[in-house]
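Asks: Handing over coords.txt, compact mmCIF, C-alpha atoms and all ligand atoms.
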```
# COMPACT_ATOMS: atom_id res chain seq x y z
CA MET A 255 0.00 0.00 0.00
CA ALA A 256 1.45 3.37 -1.02
CA PRO A 257 1.62 6.04 1.67
CA THR A 258 -1.02 8.79 1.67
CA PHE A 259 -0.11 12.44 2.19
CA TYR A 260 -2.55 15.12 3.33
CA HIS A 261 -1.39 18.70 3.23
CA PHE A 262 -3.05 21.66 5.00
CA THR A 263 -2.28 25.35 4.76
CA SER A 264 -3.17 26.10 8.35
CA VAL A 265 -4.34 23.88 11.20
CA THR A 266 -4.47 24.06 14.99
CA SER A 267 -1.99 21.19 15.28
CA THR A 268 -1.28 18.39 12.82
CA ASN A 269 -1.43 15.93 15.74
CA ALA A 270 -4.91 17.19 16.71
CA VAL A 271 -6.16 16.93 13.11
CA ALA A 272 -4.71 13.42 12.82
CA GLY A 273 -6.55 12.45 16.02
CA GLU A 274 -9.86 13.74 14.67
CA MET A 275 -9.37 11.99 11.34
CA ILE A 276 -8.62 8.69 13.07
CA LYS A 277 -11.77 9.01 15.19
CA ASN A 278 -13.80 9.71 12.04
CA GLY A 279 -12.32 6.62 10.38
CA GLU A 280 -10.70 8.76 7.67
CA ILE A 281 -7.18 7.50 8.13
CA ALA A 282 -5.46 4.19 7.51
CA GLU A 283 -1.93 2.85 7.89
CA LYS A 284 0.93 4.78 6.23
CA CYS A 285 -0.63 8.20 6.49
CA PHE A 286 1.26 11.47 6.73
CA LEU A 287 -0.26 14.87 7.46
CA THR A 288 1.66 18.08 6.92
CA ALA A 289 0.87 21.77 7.36
CA ASP A 290 2.45 25.08 6.45
CA TYR A 291 1.37 26.59 9.74
CA GLN A 292 -0.03 25.59 13.12
CA THR A 293 -2.04 28.03 15.24
CA ASP A 294 -1.61 25.79 18.29
CA GLY A 295 1.49 23.68 17.68
CA LYS A 296 2.06 21.38 20.63
CA GLY A 297 5.08 20.24 22.56
CA ARG A 298 5.01 18.03 25.66
CA SER A 299 2.63 18.92 28.49
CA GLU A 300 1.74 22.59 28.13
CA ASN A 301 4.69 23.41 25.87
CA LYS A 302 4.11 25.05 22.50
CA TRP A 303 5.84 24.36 19.21
CA HIS A 304 6.75 27.51 17.34
CA SER A 305 7.22 27.65 13.57
CA GLU A 306 7.03 30.54 11.09
CA PRO A 307 4.52 29.92 8.25
CA GLY A 308 5.90 27.87 5.36
CA LYS A 309 9.43 27.67 6.72
CA ASN A 310 9.61 24.29 8.39
CA LEU A 311 8.37 20.72 8.39
CA LEU A 312 5.31 20.13 10.56
CA LEU A 313 4.25 16.54 10.22
CA SER A 314 2.12 13.91 11.90
CA TRP A 315 2.56 10.28 11.02
CA VAL A 316 -0.17 7.81 11.94
CA THR A 317 0.54 4.17 12.74
CA PHE A 318 -1.40 1.26 14.19
CA PRO A 319 1.37 -0.71 15.94
CA ALA A 320 -0.71 -3.66 17.13
CA PHE A 321 2.49 -5.74 17.37
CA LEU A 322 3.92 -3.49 20.10
CA SER A 323 2.96 -3.97 23.74
CA VAL A 324 2.35 -0.87 25.83
CA SER A 325 5.49 -1.47 27.88
CA LYS A 326 7.51 -1.23 24.67
CA GLN A 327 6.00 2.00 23.39
CA PHE A 328 9.32 3.85 23.67
CA GLN A 329 10.57 1.71 20.78
CA LEU A 330 8.41 3.86 18.51
CA SER A 331 10.13 6.97 19.74
CA LYS A 332 13.46 5.28 19.03
CA GLY A 333 12.36 4.48 15.48
CA VAL A 334 11.25 8.07 14.86
CA SER A 335 14.45 9.52 16.36
CA LEU A 336 16.56 7.17 14.23
CA ALA A 337 14.61 8.06 11.07
CA ILE A 338 15.11 11.81 11.64
CA THR A 339 18.81 11.42 12.37
CA ASP A 340 19.17 9.09 9.33
CA LEU A 341 17.63 11.81 7.17
CA LEU A 342 19.80 14.57 8.63
CA GLY A 343 22.85 12.37 8.13
CA SER A 344 21.94 11.99 4.46
CA ILE A 345 22.22 15.77 4.01
CA GLY A 346 25.53 15.94 5.82
CA LEU A 347 24.46 16.79 9.36
CA THR A 348 25.62 14.86 12.38
CA ALA A 349 22.62 14.90 14.67
CA ALA A 350 22.28 13.49 18.16
CA ILE A 351 19.20 12.25 19.96
CA LYS A 352 18.65 14.14 23.18
CA TRP A 353 16.54 11.92 25.37
CA PRO A 354 13.62 11.77 25.37
CA ASN A 355 12.38 13.63 22.32
CA ASP A 356 14.77 16.24 20.89
CA ILE A 357 17.11 16.11 17.96
CA VAL A 358 20.13 18.34 18.39
CA VAL A 359 22.84 19.50 16.02
CA ASP A 360 25.87 21.30 17.38
CA ASN A 361 24.20 21.41 20.84
CA LYS A 362 21.13 23.21 19.45
CA LYS A 363 17.61 21.87 19.00
CA LEU A 364 16.80 21.30 15.35
CA ALA A 365 13.77 19.03 15.73
CA GLY A 366 11.21 17.94 18.30
CA ILE A 367 9.04 14.84 18.54
CA LEU A 368 5.66 14.48 20.23
CA ILE A 369 4.28 10.94 20.21
CA GLU A 370 0.69 10.51 21.36
CA ASN A 371 -0.51 6.96 21.81
CA SER A 372 -4.03 5.68 22.27
CA ILE A 373 -3.86 2.73 24.60
CA GLN A 374 -6.42 -0.04 24.97
CA GLY A 375 -5.61 -2.69 27.56
CA ASN A 376 -2.07 -3.83 26.85
CA SER A 377 -2.00 -2.75 23.23
CA ILE A 378 -1.54 0.46 21.32
CA LYS A 379 -4.66 1.18 19.30
CA TYR A 380 -3.03 3.92 17.30
CA SER A 381 -0.07 6.21 17.56
CA ILE A 382 0.42 9.74 16.27
CA SER A 383 4.03 10.77 15.83
CA GLY A 384 4.26 14.54 15.59
CA ILE A 385 7.52 15.81 14.17
CA GLY A 386 8.71 19.40 13.83
CA ILE A 387 11.95 19.94 11.91
CA ASN A 388 13.33 23.45 11.52
CA ILE A 389 14.28 23.77 7.88
CA ASN A 390 14.58 27.34 6.59
CA GLN A 391 13.82 29.48 9.64
CA VAL A 392 16.72 31.74 10.63
CA GLU A 393 15.48 33.51 13.73
CA PHE A 394 13.85 31.95 16.76
CA PRO A 395 12.33 33.28 19.95
CA VAL A 396 14.44 32.87 23.05
CA PHE A 397 13.86 29.34 24.31
CA PRO A 398 15.48 27.70 27.35
CA TYR A 399 17.63 25.75 24.86
CA ARG A 400 18.99 27.26 21.66
CA ALA A 401 17.23 26.42 18.40
CA THR A 402 18.72 25.91 14.97
CA SER A 403 17.57 24.89 11.49
CA ILE A 404 18.90 22.93 8.54
CA TYR A 405 19.54 26.22 6.75
CA LEU A 406 21.49 27.66 9.66
CA GLU A 407 23.61 24.52 9.92
CA THR A 408 24.23 23.82 6.21
CA GLY A 409 23.78 27.22 4.53
CA LYS A 410 21.41 25.53 2.09
CA ALA A 411 17.68 26.21 1.69
CA TYR A 412 15.44 23.19 1.11
CA ARG A 413 11.90 22.95 -0.18
CA ILE A 414 9.83 21.37 2.58
CA ASP A 415 8.86 18.40 0.37
CA GLN A 416 12.56 17.69 -0.24
CA ILE A 417 12.66 16.75 3.44
CA THR A 418 9.12 15.35 3.87
CA ARG A 419 9.33 12.64 1.21
CA PRO A 420 12.68 11.12 2.19
CA LEU A 421 11.74 11.40 5.86
CA SER A 422 8.53 9.46 5.25
CA GLU A 423 10.59 6.71 3.60
CA ARG A 424 13.00 6.60 6.53
CA LEU A 425 10.10 6.45 8.99
CA LEU A 426 8.47 3.55 7.16
CA SER A 427 11.78 1.76 6.92
CA ARG A 428 12.47 2.09 10.67
CA TYR A 429 8.89 1.02 11.37
CA GLY A 430 9.50 -2.05 9.21
CA GLN A 431 12.56 -2.88 11.34
CA LEU A 432 10.48 -2.53 14.48
CA SER A 433 7.68 -4.75 13.22
CA ASN A 434 10.29 -7.33 12.10
CA GLY A 435 11.65 -7.50 15.64
CA GLU A 436 15.05 -6.02 14.71
CA GLU A 437 15.12 -4.29 18.06
CA SER A 438 18.66 -5.01 19.16
CA LEU A 439 20.08 -3.37 16.04
CA MET A 440 17.91 -0.32 16.65
CA ASP A 441 18.85 -0.21 20.33
CA GLN A 442 22.51 -0.21 19.39
CA GLU A 443 22.14 2.60 16.84
CA TYR A 444 20.05 4.59 19.30
CA LEU A 445 22.81 4.35 21.92
CA GLU A 446 25.42 5.42 19.36
CA ARG A 447 23.41 8.56 18.60
CA LEU A 448 22.40 9.38 22.18
CA PHE A 449 23.38 12.94 23.09
CA MET A 450 26.07 13.20 25.80
CA LYS A 451 26.32 9.44 26.28
CA ASP A 452 29.24 8.52 28.54
CA ARG A 453 29.96 12.17 29.26
CA VAL A 454 29.35 14.10 32.46
CA SER A 455 26.24 16.32 32.30
CA SER A 456 24.35 18.31 34.88
CA PHE A 457 20.80 17.36 35.75
CA GLU A 458 17.92 18.48 37.88
CA SER A 459 15.43 16.17 39.47
CA GLY A 460 12.86 17.66 41.84
CA ASN A 461 14.91 20.20 43.79
CA ARG A 462 18.15 18.24 43.49
CA SER A 463 20.91 19.35 41.10
CA PHE A 464 23.61 16.83 40.34
CA GLU A 465 26.17 15.66 37.84
CA ALA A 466 25.85 12.27 36.22
CA ILE A 467 26.89 10.30 33.18
CA ILE A 468 24.26 9.09 30.71
CA ARG A 469 24.69 5.34 30.20
CA GLY A 470 21.60 4.53 28.15
CA VAL A 471 17.86 4.08 28.15
CA ASN A 472 16.10 1.09 29.72
CA ARG A 473 13.35 -1.15 28.25
CA THR A 474 10.56 1.21 29.27
CA GLY A 475 12.31 4.29 27.95
CA GLU A 476 13.67 5.66 31.22
CA LEU A 477 17.03 7.42 31.17
CA VAL A 478 19.81 5.41 32.82
CA VAL A 479 22.51 7.54 34.43
CA GLU A 480 25.49 6.88 36.63
CA ALA A 481 25.80 9.25 39.56
CA ASP A 482 28.50 8.81 42.22
CA GLY A 483 29.14 5.31 40.92
CA ARG A 484 25.49 4.30 41.29
CA ILE A 485 23.07 3.52 38.46
CA GLU A 486 19.81 5.48 38.61
CA GLU A 487 16.80 5.43 36.27
CA TYR A 488 14.49 8.37 35.61
CA GLY A 489 11.19 8.77 33.76
CA PHE A 490 10.31 11.67 31.41
CA HIS A 491 8.88 13.91 34.08
CA GLU A 492 11.47 13.14 36.71
CA ILE A 493 14.63 14.66 35.27
CA THR A 494 15.86 17.50 33.07
CA MET A 495 19.29 17.85 31.63
CA ASN A 496 21.07 21.21 31.44
CA TYR A 497 23.19 21.73 28.40
C1 LIG A 501 8.77 18.92 21.49
O1 LIG A 501 8.22 19.22 22.71
O2 LIG A 501 9.90 19.14 21.17
C2 LIG A 501 7.78 18.29 20.52
C3 LIG A 501 7.52 19.18 19.35
C4 LIG A 501 6.63 18.50 18.33
C5 LIG A 501 6.16 19.44 17.28
C6 LIG A 501 5.38 18.77 16.19
S1 LIG A 501 5.03 19.82 14.85
C7 LIG A 501 3.94 18.68 14.17
C8 LIG A 501 3.20 18.06 15.34
N1 LIG A 501 2.01 18.83 15.65
C9 LIG A 501 2.09 19.41 16.86
O3 LIG A 501 1.22 20.16 17.37
N2 LIG A 501 3.27 19.08 17.44
C10 LIG A 501 4.04 18.19 16.61
P1 LIG A 501 9.03 19.72 23.98
O4 LIG A 501 10.14 18.78 24.32
O5 LIG A 501 8.00 19.96 25.03
O6 LIG A 501 9.70 21.04 23.52
C11 LIG A 501 8.96 22.21 23.33
C12 LIG A 501 9.88 23.37 23.70
O7 LIG A 501 10.88 23.54 22.66
C13 LIG A 501 9.16 24.70 23.78
O8 LIG A 501 8.64 24.91 25.08
C14 LIG A 501 10.26 25.68 23.43
O9 LIG A 501 11.10 25.93 24.55
C15 LIG A 501 11.10 24.92 22.42
N3 LIG A 501 10.68 25.17 21.02
C16 LIG A 501 9.49 25.54 20.53
N4 LIG A 501 9.52 25.62 19.18
C17 LIG A 501 10.79 25.31 18.81
C18 LIG A 501 11.46 25.21 17.56
N5 LIG A 501 10.85 25.45 16.41
N6 LIG A 501 12.76 24.83 17.58
C19 LIG A 501 13.42 24.57 18.73
N7 LIG A 501 12.84 24.65 19.94
C20 LIG A 501 11.55 25.01 19.98
```
When written as structure tokens, how does the structure in this file appear?
Ligand code: BT5
Replies:
Amino acid sequence: MAPTFYHFTSVTSTNAVAGEMIKNGEIAEKCFLTADYQTDGKGRSENKWHSEPGKNLLLSWVTFPAFLSVSKQFQLSKGVSLAITDLLGSIGLTAAIKWPNDIVVDNKKLAGILIENSIQGNSIKYSISGIGININQVEFPVFPYRATSIYLETGKAYRIDQITRPLSERLLSRYGQLSNGEESLMDQEYLERLFMKDRVSSFESGNRSFEAIIRGVNRTGELVVEADGRIEEYGFHEITMNY
């Protein structure tokens, strides 16, 4: 089945539109939604995703990963992170995966991922992978972490579809690996691309600030760090890394 692409000029959020289309039964496997502009682009929790009209990739990819148990849902995030870094590598950029959902180039955030899963019992009914990749934007608001774009890093302007199409192929290919059970290969590549792995970073957890070394990510997607010689594991909401 060939992938389907839906393009919108302006939407609230491509993830929200994808969710509505799924509920209305308008969407099947291998579906990609893109928009030039989002009036309410979403990040995690209450965070917003900012993007100037027509400058960047704003995409939601819909999957129905019935083969994946809920406890393994982070594997999807790994697949998406690998696909984005594959794509950036193909245009000459060395990108790292900053756990849990950022893609950074030269210590600056170039892309963000927001995966929203609909869970039923122990299975994932559907999953919406929202991806924002900064392509041609040159100025950004002041964010806690610096932002960058493909243009700023390579000096080359891209049409959005020059990124969307190859990215969709990379996503489907990584998804194929996941559904074929090629997890250990993906785990290994993920670790190789993990930002600050085996280097000392500073973290905050609750009201504690500390230094630790990222060692990896466990089966359920928690960050594994070594602090004072001890291994500790943290969930998404339990730790932030300063960089
Ligand atoms: C993310 O959240 O990084 C997930 C972003 C996902 C965006 C896509 S676009 C298509 C789809 N539809 C949606 O509505 N969303 C998805 P988080 O880790 O919470 O990071 C958000 C934070 O990154 C913001 O609070 C800002 O500090 C910063 N930020 C916002 N826009 C940015 C940008 N364009 N580049 C770099 N940083 C940005």
Asks: Show me which residues sit within 6 Å of ligand LIG 501 (chain A) when counting only C-alpha atoms and all ligand atoms, and put them as number ranges by chain.
Replies: A: 267-269, 295-298, 301-305, 312-314, 355-356, 363-364, 366-368, 384-386, 388, 397-398, 401
Asks: Need to verify the contact set: region 417-423 of chain A, 9 Å, only C-alpha atoms, exclusion of same-chain residues closer than 3 positions in sequence. Can you return it as a PyMOL selection string?
Replies: chain A and resi 257+284+286+288+311+313+315+337-338+340-341+389+412-414+426-428
Asks: For a test of reading the model, state the distance in Å between CA of Ile373 (chain A) and CA of Glu436 (chain A), rounded to one decimal.
Replies: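 That distance, rounded to one decimal, is 23.1 Å.
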Asks: Work out how far apart CA of Ile382 (chain A) and CA of Val316 (chain A) are and give it in Å to one decimal.
Replies: 4.8 Å
Asks: For Asp290 (chain A), work out the shell of residues within 9 Å, counting only C-alpha atoms and skipping chain neighbours fewer than 5 positions away, then give it as a VMD selection string.
Replies: chain A and resid 261 to 265 305 to 312
Asks: Quote the spacing between CA of Val479 (chain A) and CA of Glu458 (chain A) in Å to one decimal place.
Replies: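 Computing it gives 12.4 Å between the two atoms.
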Asks: Just want the 10 Å neighbourhood of Ser455 (chain A), counted on only C-alpha atoms, with same-chain residues fewer than 3 positions away dropped. Output as number ranges by chain.
Replies: A: 450-452, 464-468, 479, 495-497
Asks: If the box runs along x, y and z of the file and leaves 6 Å on each side of region 259-268 of chain A, what are its centre and edge lengths in Å, one decimal, as JSON?
Replies:
```
{"center_x": -2.3, "center_y": 19.3, "center_z": 8.7, "size_x": 16.4, "size_y": 25.7, "size_z": 25.1}
```
Asks: Using all atoms listed in the file, which residue out of A:Thr408, A:Ser377, A:Ser323, A:Gln292 lies closest to Ala270 (chain A)?
Replies: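 Among A:Thr408, A:Ser377, A:Ser323, A:Gln292, it is A:Gln292 that comes nearest to Ala270 (chain A).
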Asks: Write region 401-416 of chain A as a PDB file, in the frame of the given file, completed to N, CA and C atoms.
Replies:
```
ATOM      1  N   ALA A 401      17.803  27.108  19.553  1.00  0.00           N
ATOM      2  CA  ALA A 401      17.230  26.420  18.400  1.00  0.00           C
ATOM      3  C   ALA A 401      18.118  26.640  17.188  1.00  0.00           C
ATOM      4  N   THR A 402      18.030  25.717  16.239  1.00  0.00           N
ATOM      5  CA  THR A 402      18.720  25.910  14.970  1.00  0.00           C
ATOM      6  C   THR A 402      17.875  25.277  13.861  1.00  0.00           C
ATOM      7  N   SER A 403      18.319  25.458  12.628  1.00  0.00           N
ATOM      8  CA  SER A 403      17.570  24.890  11.490  1.00  0.00           C
ATOM      9  C   SER A 403      18.569  24.274  10.515  1.00  0.00           C
ATOM     10  N   ILE A 404      18.020  23.533   9.565  1.00  0.00           N
ATOM     11  CA  ILE A 404      18.900  22.930   8.540  1.00  0.00           C
ATOM     12  C   ILE A 404      19.633  24.044   7.794  1.00  0.00           C
ATOM     13  N   TYR A 405      18.910  25.127   7.477  1.00  0.00           N
ATOM     14  CA  TYR A 405      19.540  26.220   6.750  1.00  0.00           C
ATOM     15  C   TYR A 405      20.697  26.830   7.553  1.00  0.00           C
ATOM     16  N   LEU A 406      20.440  27.056   8.835  1.00  0.00           N
ATOM     17  CA  LEU A 406      21.490  27.660   9.660  1.00  0.00           C
ATOM     18  C   LEU A 406      22.715  26.753   9.776  1.00  0.00           C
ATOM     19  N   GLU A 407      22.493  25.461   9.741  1.00  0.00           N
ATOM     20  CA  GLU A 407      23.610  24.520   9.920  1.00  0.00           C
ATOM     21  C   GLU A 407      24.336  24.187   8.617  1.00  0.00           C
ATOM     22  N   THR A 408      23.594  24.252   7.476  1.00  0.00           N
ATOM     23  CA  THR A 408      24.230  23.820   6.210  1.00  0.00           C
ATOM     24  C   THR A 408      24.431  24.985   5.234  1.00  0.00           C
ATOM     25  N   GLY A 409      23.723  26.100   5.462  1.00  0.00           N
ATOM     26  CA  GLY A 409      23.780  27.220   4.530  1.00  0.00           C
ATOM     27  C   GLY A 409      22.966  26.963   3.276  1.00  0.00           C
ATOM     28  N   LYS A 410      22.175  25.904   3.282  1.00  0.00           N
ATOM     29  CA  LYS A 410      21.410  25.530   2.090  1.00  0.00           C
ATOM     30  C   LYS A 410      19.916  25.556   2.413  1.00  0.00           C
ATOM     31  N   ALA A 411      19.140  26.198   1.507  1.00  0.00           N
ATOM     32  CA  ALA A 411      17.680  26.210   1.690  1.00  0.00           C
ATOM     33  C   ALA A 411      17.093  24.970   1.022  1.00  0.00           C
ATOM     34  N   TYR A 412      16.116  24.363   1.668  1.00  0.00           N
ATOM     35  CA  TYR A 412      15.440  23.190   1.110  1.00  0.00           C
ATOM     36  C   TYR A 412      13.964  23.495   0.938  1.00  0.00           C
ATOM     37  N   ARG A 413      13.360  22.943  -0.119  1.00  0.00           N
ATOM     38  CA  ARG A 413      11.900  22.950  -0.180  1.00  0.00           C
ATOM     39  C   ARG A 413      11.427  21.972   0.889  1.00  0.00           C
ATOM     40  N   ILE A 414      10.277  22.242   1.481  1.00  0.00           N
ATOM     41  CA  ILE A 414       9.830  21.370   2.580  1.00  0.00           C
ATOM     42  C   ILE A 414       9.656  19.932   2.081  1.00  0.00           C
ATOM     43  N   ASP A 415       9.100  19.780   0.852  1.00  0.00           N
ATOM     44  CA  ASP A 415       8.860  18.400   0.370  1.00  0.00           C
ATOM     45  C   ASP A 415      10.158  17.645   0.093  1.00  0.00           C
ATOM     46  N   GLN A 416      11.269  18.370  -0.072  1.00  0.00           N
ATOM     47  CA  GLN A 416      12.560  17.690  -0.240  1.00  0.00           C
ATOM     48  C   GLN A 416      12.976  16.979   1.056  1.00  0.00           C
TER      49      GLN A 416
END
```
